[in-house]
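The file my_file_20.txt contains compact mmCIF, C-alpha atoms:
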```
# COMPACT_ATOMS: atom_id res chain seq x y z
CA MET O 1 7.44 24.83 -32.45
CA ASP O 2 7.96 21.24 -33.55
CA LEU O 3 5.74 18.41 -32.36
CA VAL O 4 7.26 15.09 -31.28
CA ILE O 5 4.88 12.14 -31.00
CA GLN O 6 5.86 8.66 -29.89
CA ALA O 7 4.36 5.41 -28.67
CA PRO O 8 5.04 1.68 -28.87
CA VAL O 9 2.93 1.80 -32.05
CA VAL O 10 1.72 4.87 -33.96
CA GLY O 11 -0.75 3.89 -36.66
CA ALA O 12 -0.77 5.49 -40.11
CA ALA O 13 -4.28 6.85 -39.57
CA GLU O 14 -3.27 8.36 -36.22
CA LEU O 15 -0.21 9.99 -37.75
CA THR O 16 -2.29 11.45 -40.58
CA GLN O 17 -4.84 12.85 -38.14
CA ILE O 18 -2.21 14.42 -35.91
CA ALA O 19 -0.44 15.98 -38.92
CA ALA O 20 -3.76 17.46 -40.04
CA LEU O 21 -4.47 18.91 -36.59
CA ALA O 22 -0.96 20.37 -36.42
CA GLY O 23 -1.02 21.78 -39.94
CA SER O 24 2.40 20.31 -40.63
CA GLN O 25 3.64 19.37 -44.09
CA SER O 26 6.93 17.94 -42.81
CA VAL O 27 6.89 14.64 -40.91
CA HIS O 28 10.16 12.85 -40.12
CA ALA O 29 10.44 9.37 -38.63
CA LEU O 30 12.93 9.17 -35.75
CA GLU O 31 15.17 6.14 -35.47
CA GLY O 32 15.76 4.00 -32.41
CA GLY O 33 13.65 3.59 -29.30
CA PRO O 34 9.87 3.89 -29.57
CA GLN O 35 8.04 4.57 -32.81
CA ALA O 36 8.45 8.32 -33.05
CA TYR O 37 7.93 11.21 -35.46
CA ARG O 38 8.87 14.87 -35.51
CA LEU O 39 6.41 17.23 -37.17
CA ALA O 40 8.30 20.41 -38.03
CA ARG O 41 7.05 23.98 -37.65
CA ILE O 42 3.48 23.14 -36.74
CA GLN O 43 0.76 25.71 -37.31
CA SER O 44 -1.69 24.71 -34.57
CA ARG O 45 -1.87 22.90 -31.25
CA GLY O 46 -5.64 22.64 -31.20
CA GLY O 47 -7.00 19.17 -30.44
CA ILE O 48 -3.57 17.51 -30.36
CA ALA O 49 -3.44 16.91 -26.60
CA ASP O 50 -6.93 15.40 -26.49
CA PHE O 51 -6.30 13.19 -29.52
CA CYS O 52 -2.92 11.91 -28.33
CA THR O 53 -4.20 11.28 -24.81
CA ALA O 54 -7.10 9.21 -26.15
CA ALA O 55 -4.79 7.33 -28.53
CA ARG O 56 -2.18 6.69 -25.78
CA ILE O 57 0.50 8.56 -27.68
CA ASP O 58 3.14 10.66 -25.90
CA PHE O 59 3.46 14.15 -27.37
CA ALA O 60 5.66 17.18 -26.79
CA PHE O 61 5.81 20.65 -28.30
CA VAL O 62 9.52 21.35 -28.55
CA PRO O 63 11.61 24.27 -29.84
CA PRO O 64 13.19 23.37 -33.19
CA ASP O 65 16.61 24.42 -31.91
CA LEU O 66 16.62 22.13 -28.86
CA ILE O 67 19.97 20.47 -29.54
CA ARG O 68 21.23 17.41 -27.66
CA ASP O 69 24.78 18.77 -27.61
CA ARG O 70 23.55 21.50 -25.23
CA VAL O 71 22.59 18.97 -22.53
CA SER O 72 25.12 19.29 -19.71
CA VAL O 73 23.37 17.63 -16.76
CA VAL O 74 20.75 14.88 -16.49
CA ALA O 75 19.38 14.31 -12.98
CA MET O 76 16.92 11.49 -12.36
CA ASP O 77 15.04 9.85 -9.56
CA MET O 78 15.63 6.14 -8.93
CA ASP O 79 12.51 4.33 -7.71
CA SER O 80 9.79 4.06 -10.39
CA THR O 81 11.93 6.23 -12.69
CA LEU O 82 15.34 4.76 -13.47
CA ILE O 83 14.08 1.42 -12.14
CA THR O 84 10.63 -0.13 -12.27
CA ILE O 85 10.18 -0.82 -8.55
CA GLU O 86 9.98 1.02 -5.24
CA CYS O 87 12.85 -0.65 -3.41
CA ILE O 88 11.48 -0.05 0.07
CA ASP O 89 8.19 -1.69 -0.88
CA GLU O 90 10.00 -4.77 -2.15
CA ILE O 91 12.14 -4.96 1.00
CA ALA O 92 8.91 -4.78 3.00
CA ASP O 93 7.49 -7.59 0.92
CA LEU O 94 10.23 -9.89 2.20
CA ALA O 95 9.03 -9.06 5.72
CA GLY O 96 5.39 -9.69 4.80
CA ILE O 97 4.34 -6.06 5.26
CA LYS O 98 4.36 -4.72 1.70
CA PRO O 99 0.73 -3.47 1.66
CA GLU O 100 1.28 -1.35 4.76
CA VAL O 101 4.56 0.15 3.52
CA ALA O 102 3.40 0.56 -0.10
CA ALA O 103 0.35 2.53 1.05
CA ILE O 104 2.62 5.02 2.82
CA THR O 105 4.91 5.19 -0.23
CA ALA O 106 2.01 5.89 -2.59
CA SER O 107 0.60 8.59 -0.34
CA ALA O 108 3.98 10.31 -0.12
CA MET O 109 4.49 10.19 -3.90
CA ARG O 110 1.06 11.78 -4.40
CA GLY O 111 2.13 14.58 -2.07
CA GLU O 112 -0.47 13.76 0.57
CA ILE O 113 1.98 13.29 3.45
CA ASP O 114 5.43 14.67 4.22
CA PHE O 115 8.19 12.61 2.61
CA ARG O 116 10.58 12.83 5.56
CA GLN O 117 7.98 11.55 8.01
CA SER O 118 6.83 8.89 5.57
CA LEU O 119 10.38 7.58 5.12
CA GLU O 120 10.98 7.40 8.86
CA ARG O 121 7.71 5.50 9.33
CA ARG O 122 8.47 3.04 6.55
CA VAL O 123 12.06 2.38 7.57
CA ALA O 124 10.98 1.82 11.19
CA LEU O 125 8.72 -0.98 10.01
CA LEU O 126 11.76 -2.77 8.52
CA ALA O 127 13.59 -3.08 11.85
CA GLY O 128 15.05 -6.56 12.40
CA LEU O 129 15.06 -7.59 8.74
CA PRO O 130 18.31 -9.34 7.67
CA GLU O 131 20.79 -7.23 5.72
CA GLU O 132 20.69 -9.89 2.98
CA SER O 133 17.18 -8.72 2.15
CA LEU O 134 18.65 -5.70 0.38
CA LEU O 135 20.78 -7.85 -1.89
CA ARG O 136 17.83 -10.13 -2.62
CA VAL O 137 15.80 -7.15 -3.82
CA TYR O 138 18.67 -5.93 -5.99
CA ASP O 139 19.39 -9.34 -7.51
CA GLU O 140 15.88 -10.72 -7.84
CA ARG O 141 13.51 -7.77 -8.27
CA LEU O 142 15.26 -4.63 -9.43
CA LYS O 143 14.87 -4.00 -13.16
CA LEU O 144 15.83 -0.95 -15.20
CA SER O 145 13.01 0.98 -16.80
CA PRO O 146 12.70 0.39 -20.55
CA GLY O 147 15.11 2.54 -22.54
CA ALA O 148 17.18 3.52 -19.48
CA GLU O 149 20.53 2.35 -20.82
CA ARG O 150 19.94 3.85 -24.26
CA MET O 151 18.97 7.20 -22.74
CA ILE O 152 22.03 7.29 -20.49
CA ALA O 153 24.32 6.36 -23.37
CA GLY O 154 22.76 9.03 -25.56
CA PHE O 155 23.38 11.81 -23.07
CA LYS O 156 26.79 10.55 -22.00
CA GLY O 157 27.68 10.58 -25.68
CA VAL O 158 27.45 14.39 -25.69
CA GLY O 159 29.40 14.70 -22.45
CA ALA O 160 26.52 15.23 -20.03
CA THR O 161 26.95 14.58 -16.31
CA ILE O 162 24.50 11.89 -15.19
CA LEU O 163 23.20 12.33 -11.66
CA LEU O 164 21.05 9.84 -9.72
CA VAL O 165 19.26 11.53 -6.79
CA SER O 166 16.99 9.41 -4.66
CA GLY O 167 14.98 9.36 -1.48
CA GLY O 168 15.83 5.65 -1.50
CA PHE O 169 18.97 3.94 -0.32
CA THR O 170 22.66 4.11 -1.15
CA PHE O 171 22.75 0.29 -1.19
CA PHE O 172 20.97 0.49 -4.55
CA THR O 173 22.21 3.81 -5.96
CA GLU O 174 25.87 2.84 -5.57
CA ARG O 175 25.37 -0.46 -7.36
CA LEU O 176 23.56 1.30 -10.16
CA ARG O 177 26.31 3.90 -10.33
CA THR O 178 28.88 1.19 -11.01
CA ARG O 179 26.62 -0.79 -13.34
CA LEU O 180 25.58 2.16 -15.51
CA GLY O 181 28.62 4.42 -15.28
CA LEU O 182 26.77 7.23 -13.53
CA ASP O 183 28.75 10.28 -12.48
CA GLU O 184 27.19 11.17 -9.13
CA THR O 185 24.61 9.77 -6.73
CA LEU O 186 22.74 10.98 -3.66
CA ALA O 187 20.55 8.83 -1.42
CA ASN O 188 19.81 7.79 2.16
CA THR O 189 21.95 5.33 4.09
CA ILE O 190 19.88 2.72 5.87
CA GLU O 191 21.42 1.81 9.23
CA ILE O 192 22.58 -1.77 9.75
CA ALA O 193 23.88 -3.30 12.99
CA GLY O 194 24.71 -6.93 13.66
CA GLY O 195 23.65 -7.89 10.15
CA ARG O 196 20.12 -6.54 10.55
CA LEU O 197 18.28 -3.32 9.70
CA THR O 198 17.83 -1.12 12.76
CA GLY O 199 14.78 0.72 11.46
CA ARG O 200 16.67 4.01 11.26
CA ILE O 201 18.42 6.19 8.67
CA ASP O 202 22.14 6.78 9.23
CA GLY O 203 22.81 10.47 8.64
CA PRO O 204 20.66 13.27 7.24
CA ILE O 205 17.54 12.34 5.30
CA ILE O 206 17.66 13.03 1.59
CA ASP O 207 14.31 14.67 0.89
CA ALA O 208 12.87 16.76 -1.92
CA GLN O 209 14.89 19.85 -1.02
CA ALA O 210 18.15 17.92 -0.80
CA LYS O 211 17.56 16.47 -4.26
CA ALA O 212 16.91 19.93 -5.71
CA GLU O 213 19.97 21.39 -4.01
CA ARG O 214 22.23 18.69 -5.43
CA LEU O 215 20.94 19.31 -8.95
CA SER O 216 21.45 23.06 -8.50
CA SER O 217 25.01 22.47 -7.31
CA VAL O 218 25.88 20.23 -10.26
CA ARG O 219 24.10 22.59 -12.65
CA GLU O 220 26.22 25.49 -11.40
CA ARG O 221 29.39 23.49 -12.06
CA ARG O 222 28.50 21.84 -15.34
CA ALA O 223 25.68 23.66 -17.16
CA ARG O 224 27.27 26.99 -17.98
CA ASP O 225 27.47 28.81 -21.31
CA GLY O 226 23.97 27.85 -22.42
CA GLY O 227 24.10 24.28 -21.15
CA ILE O 228 20.80 22.56 -20.32
CA ALA O 229 20.01 20.70 -17.10
CA ILE O 230 17.31 18.03 -17.34
CA ALA O 231 15.47 16.51 -14.39
CA ILE O 232 13.36 13.34 -14.57
CA GLY O 233 11.00 12.09 -11.86
CA ASP O 234 7.64 10.61 -11.03
CA GLY O 235 6.52 11.68 -7.56
CA ALA O 236 5.80 14.75 -5.44
CA ASN O 237 9.23 14.34 -3.85
CA ASP O 238 10.76 15.18 -7.23
CA LEU O 239 8.94 18.47 -7.80
CA PRO O 240 11.56 20.85 -6.34
CA MET O 241 14.24 19.09 -8.43
CA LEU O 242 12.10 19.38 -11.55
CA ARG O 243 11.63 23.10 -10.91
CA ALA O 244 15.40 23.55 -10.52
CA ALA O 245 16.02 22.18 -14.03
CA ASP O 246 15.85 23.93 -17.39
CA LEU O 247 13.74 21.09 -18.79
CA SER O 248 11.75 18.62 -16.69
CA VAL O 249 10.21 15.29 -17.59
CA ALA O 250 7.44 13.51 -15.68
CA TYR O 251 8.05 9.81 -16.30
CA HIS O 252 5.01 7.55 -15.81
CA ALA O 253 4.25 10.03 -13.08
CA LYS O 254 1.52 11.03 -10.66
CA PRO O 255 -0.97 13.63 -12.04
CA LEU O 256 0.46 16.32 -9.75
CA VAL O 257 3.89 15.86 -11.34
CA ARG O 258 2.64 15.64 -14.93
CA ALA O 259 0.85 18.94 -14.47
CA GLN O 260 4.04 20.77 -13.45
CA ALA O 261 6.68 19.22 -15.70
CA THR O 262 7.78 20.57 -19.07
CA TYR O 263 7.03 17.24 -20.75
CA ALA O 264 5.41 13.95 -19.75
CA ILE O 265 6.14 10.41 -20.87
CA ASN O 266 3.25 8.10 -20.06
CA HIS O 267 3.56 5.26 -22.57
CA CYS O 268 7.17 5.05 -23.81
CA GLY O 269 10.49 4.26 -22.12
CA LEU O 270 13.12 6.66 -20.86
CA ASP O 271 14.87 6.78 -24.23
CA ALA O 272 11.88 8.71 -25.58
CA ILE O 273 13.49 11.77 -23.95
CA LEU O 274 16.26 11.67 -26.55
CA ASN O 275 13.70 12.42 -29.28
CA TYR O 276 13.04 15.89 -27.90
CA PHE O 277 16.46 16.90 -29.17
CA VAL O 278 17.84 17.24 -32.68
```
Kindly transcribe the structure held in the file into structure tokens.
Amino acid sequence: MDLVIQAPVVGAAELTQIAALAGSQSVHALEGGPQAYRLARIQSRGGIADFCTAARIDFAFVPPDLIRDRVSVVAMDMDSTLITIECIDEIADLAGIKPEVAAITASAMRGEIDFRQSLERRVALLAGLPEESLLRVYDERLKLSPGAERMIAGFKGVGATILLVSGGFTFFTERLRTRLGLDETLANTIEIAGGRLTGRIDGPIIDAQAKAERLSSVRERRARDGGIAIAIGDGANDLPMLRAADLSVAYHAKPLVRAQATYAINHCGLDAILNYFV
């Protein structure tokens, strides 16, 4: 296996210590994105996880033949993954009820309560809010996660299908689709009548299983002949989708998700995922 380490800053002493723990004589600096290094054909994993965790360095043990050209599908969550916010929490903030809604969101993302029920409860609390509130959140509060555009460009450059699957709202996913050149999106449609939110979802709820099923469908169409499907997420609602992928990434995620994903990024931006591939 190779070892990829990356962080906003990796000190010379830290790099030397990690190389010694890994028993690697070959260390290559990786260009672009975070400060990153690939240690080839390591001899040991002992102590690396503990050292990197303490030093706030992201690490991944990757096969040396993991080639970016093999990536056929990249599926990612939206809220707190592709973007830095939870849109529904920010909408709630405009109504003065963010703490109440955010507490339900956090509990659902930790897997403590059912996502479908949590979404219905949160959306109900937004009833009566002006439709313009959605645009205000998009224009004033929504920001891409660091490295998002570079990651998308990197995978689109090898012909991968980019899929945005979200338990959030189509109001945001469709704007991001146009803005970033995404190939497919899946999300919930929040019902609007008379220029105001009704407090209901229009159509079937996109939950964890729906997200996984969409990835599986796209994977069947696009990731044949040895192609790789990647899934990226942060909350419990992403776990079925992560399991449906060939390679999964927990991005600034809840402990439950980090424990089940192939790799975890805790300190770098989304473009750190590109460094897993040669």
Pick out the residues sitting within 7 Å of stretch 177-188 of chain O, and hand them over as a PyMOL selection string; count all atoms listed in the file, and ignore anything fewer than 5 positions along from it in its own chain. chain O and resi 161-170+201+205-206
Please tabulate, as CSV, the residues of stretch 229-277 of chain O that come within 12 Å of stretch 14-31 of chain O, each with its closest pair of atoms and the distance in Å to one decimal, counting all atoms listed in the file and ordering rows by chain, then residue number upward.
```
residue,atom,partner,partner_atom,distance
O:Asp271,CA,O:Glu31,CA,11.3
O:Ala272,CA,O:Leu30,CA,10.2
O:Leu274,CA,O:Leu30,CA,10.1
O:Asn275,CA,O:Leu30,CA,7.3
O:Tyr276,CA,O:Leu30,CA,10.3
O:Phe277,CA,O:Leu30,CA,10.7
```
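Using all atoms listed in the file, the shortest contact distance between O:Leu142 and any of O:Thr84, O:Ser72, O:Gln43, O:Gln209 is found at O:Thr84.
Nearest to O:Phe172 of all the residues O:Ala106, O:Gly154, O:Arg41, O:Lys143 is O:Lys143, based on only C-alpha atoms.
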By how many Å are atom CA of O:Gly11 and atom CA of O:Ala250 apart? 24.5 Å
Using the partial input, fill out stretch 118-154 of chain O with N, CA and C atoms; write the result as a short mmCIF file (atom, residue, chain, number, x, y, z; two decimals), in the frame of the given file.
```cif
data_model
loop_
_atom_site.label_atom_id
_atom_site.label_comp_id
_atom_site.auth_asym_id
_atom_site.auth_seq_id
_atom_site.Cartn_x
_atom_site.Cartn_y
_atom_site.Cartn_z
N SER O 118 7.23 10.16 6.17
CA SER O 118 6.83 8.89 5.57
C SER O 118 8.01 7.92 5.51
N LEU O 119 9.20 8.45 5.20
CA LEU O 119 10.38 7.58 5.12
C LEU O 119 10.72 7.02 6.50
N GLU O 120 10.69 7.86 7.51
CA GLU O 120 10.98 7.40 8.86
C GLU O 120 9.99 6.31 9.30
N ARG O 121 8.72 6.50 8.98
CA ARG O 121 7.71 5.50 9.33
C ARG O 121 7.95 4.18 8.62
N ARG O 122 8.27 4.27 7.33
CA ARG O 122 8.47 3.04 6.55
C ARG O 122 9.73 2.30 6.98
N VAL O 123 10.81 3.03 7.17
CA VAL O 123 12.06 2.38 7.57
C VAL O 123 11.91 1.74 8.95
N ALA O 124 11.19 2.38 9.86
CA ALA O 124 10.98 1.82 11.19
C ALA O 124 10.30 0.46 11.12
N LEU O 125 9.43 0.28 10.15
CA LEU O 125 8.72 -0.98 10.01
C LEU O 125 9.64 -2.11 9.54
N LEU O 126 10.82 -1.76 9.03
CA LEU O 126 11.76 -2.77 8.52
C LEU O 126 12.75 -3.25 9.58
N ALA O 127 12.64 -2.73 10.79
CA ALA O 127 13.59 -3.08 11.85
C ALA O 127 13.64 -4.60 12.06
N GLY O 128 14.86 -5.14 12.15
CA GLY O 128 15.05 -6.56 12.40
C GLY O 128 15.21 -7.40 11.16
N LEU O 129 14.95 -6.82 9.99
CA LEU O 129 15.06 -7.59 8.74
C LEU O 129 16.54 -7.86 8.44
N PRO O 130 16.90 -9.05 7.98
CA PRO O 130 18.31 -9.34 7.67
C PRO O 130 18.86 -8.43 6.58
N GLU O 131 20.12 -8.06 6.72
CA GLU O 131 20.79 -7.23 5.72
C GLU O 131 20.73 -7.86 4.33
N GLU O 132 20.73 -9.19 4.26
CA GLU O 132 20.69 -9.89 2.98
C GLU O 132 19.43 -9.57 2.18
N SER O 133 18.42 -9.07 2.84
CA SER O 133 17.18 -8.72 2.15
C SER O 133 17.42 -7.66 1.08
N LEU O 134 18.34 -6.74 1.34
CA LEU O 134 18.65 -5.70 0.38
C LEU O 134 19.23 -6.30 -0.90
N LEU O 135 20.16 -7.22 -0.72
CA LEU O 135 20.78 -7.85 -1.89
C LEU O 135 19.77 -8.70 -2.65
N ARG O 136 18.86 -9.36 -1.94
CA ARG O 136 17.83 -10.13 -2.62
C ARG O 136 16.97 -9.24 -3.51
N VAL O 137 16.60 -8.07 -3.01
CA VAL O 137 15.80 -7.15 -3.82
C VAL O 137 16.58 -6.71 -5.04
N TYR O 138 17.86 -6.37 -4.85
CA TYR O 138 18.67 -5.93 -5.99
C TYR O 138 18.81 -7.04 -7.02
N ASP O 139 19.12 -8.23 -6.59
CA ASP O 139 19.39 -9.34 -7.51
C ASP O 139 18.13 -9.91 -8.15
N GLU O 140 17.06 -9.98 -7.39
CA GLU O 140 15.88 -10.72 -7.84
C GLU O 140 14.75 -9.84 -8.36
N ARG O 141 14.69 -8.56 -7.95
CA ARG O 141 13.51 -7.77 -8.27
C ARG O 141 13.80 -6.46 -9.01
N LEU O 142 14.97 -5.93 -8.83
CA LEU O 142 15.26 -4.63 -9.43
C LEU O 142 15.48 -4.78 -10.94
N LYS O 143 14.72 -4.03 -11.70
CA LYS O 143 14.87 -4.00 -13.16
C LYS O 143 14.93 -2.55 -13.62
N LEU O 144 15.77 -2.29 -14.62
CA LEU O 144 15.83 -0.95 -15.20
C LEU O 144 14.56 -0.66 -15.98
N SER O 145 14.14 0.58 -15.97
CA SER O 145 13.01 0.98 -16.80
C SER O 145 13.37 0.83 -18.27
N PRO O 146 12.41 0.52 -19.12
CA PRO O 146 12.70 0.39 -20.55
C PRO O 146 13.39 1.64 -21.09
N GLY O 147 14.41 1.43 -21.90
CA GLY O 147 15.11 2.54 -22.54
C GLY O 147 16.11 3.26 -21.65
N ALA O 148 16.29 2.80 -20.40
CA ALA O 148 17.18 3.52 -19.48
C ALA O 148 18.62 3.56 -19.99
N GLU O 149 19.13 2.40 -20.39
CA GLU O 149 20.53 2.35 -20.82
C GLU O 149 20.76 3.14 -22.11
N ARG O 150 19.80 3.08 -23.02
CA ARG O 150 19.94 3.85 -24.26
C ARG O 150 19.90 5.35 -23.98
N MET O 151 19.02 5.78 -23.08
CA MET O 151 18.97 7.20 -22.74
C MET O 151 20.28 7.66 -22.11
N ILE O 152 20.79 6.91 -21.15
CA ILE O 152 22.03 7.29 -20.49
C ILE O 152 23.17 7.36 -21.49
N ALA O 153 23.26 6.36 -22.36
CA ALA O 153 24.32 6.36 -23.37
C ALA O 153 24.20 7.55 -24.30
N GLY O 154 22.97 7.90 -24.66
CA GLY O 154 22.76 9.03 -25.56
C GLY O 154 23.23 10.35 -24.98
#
```
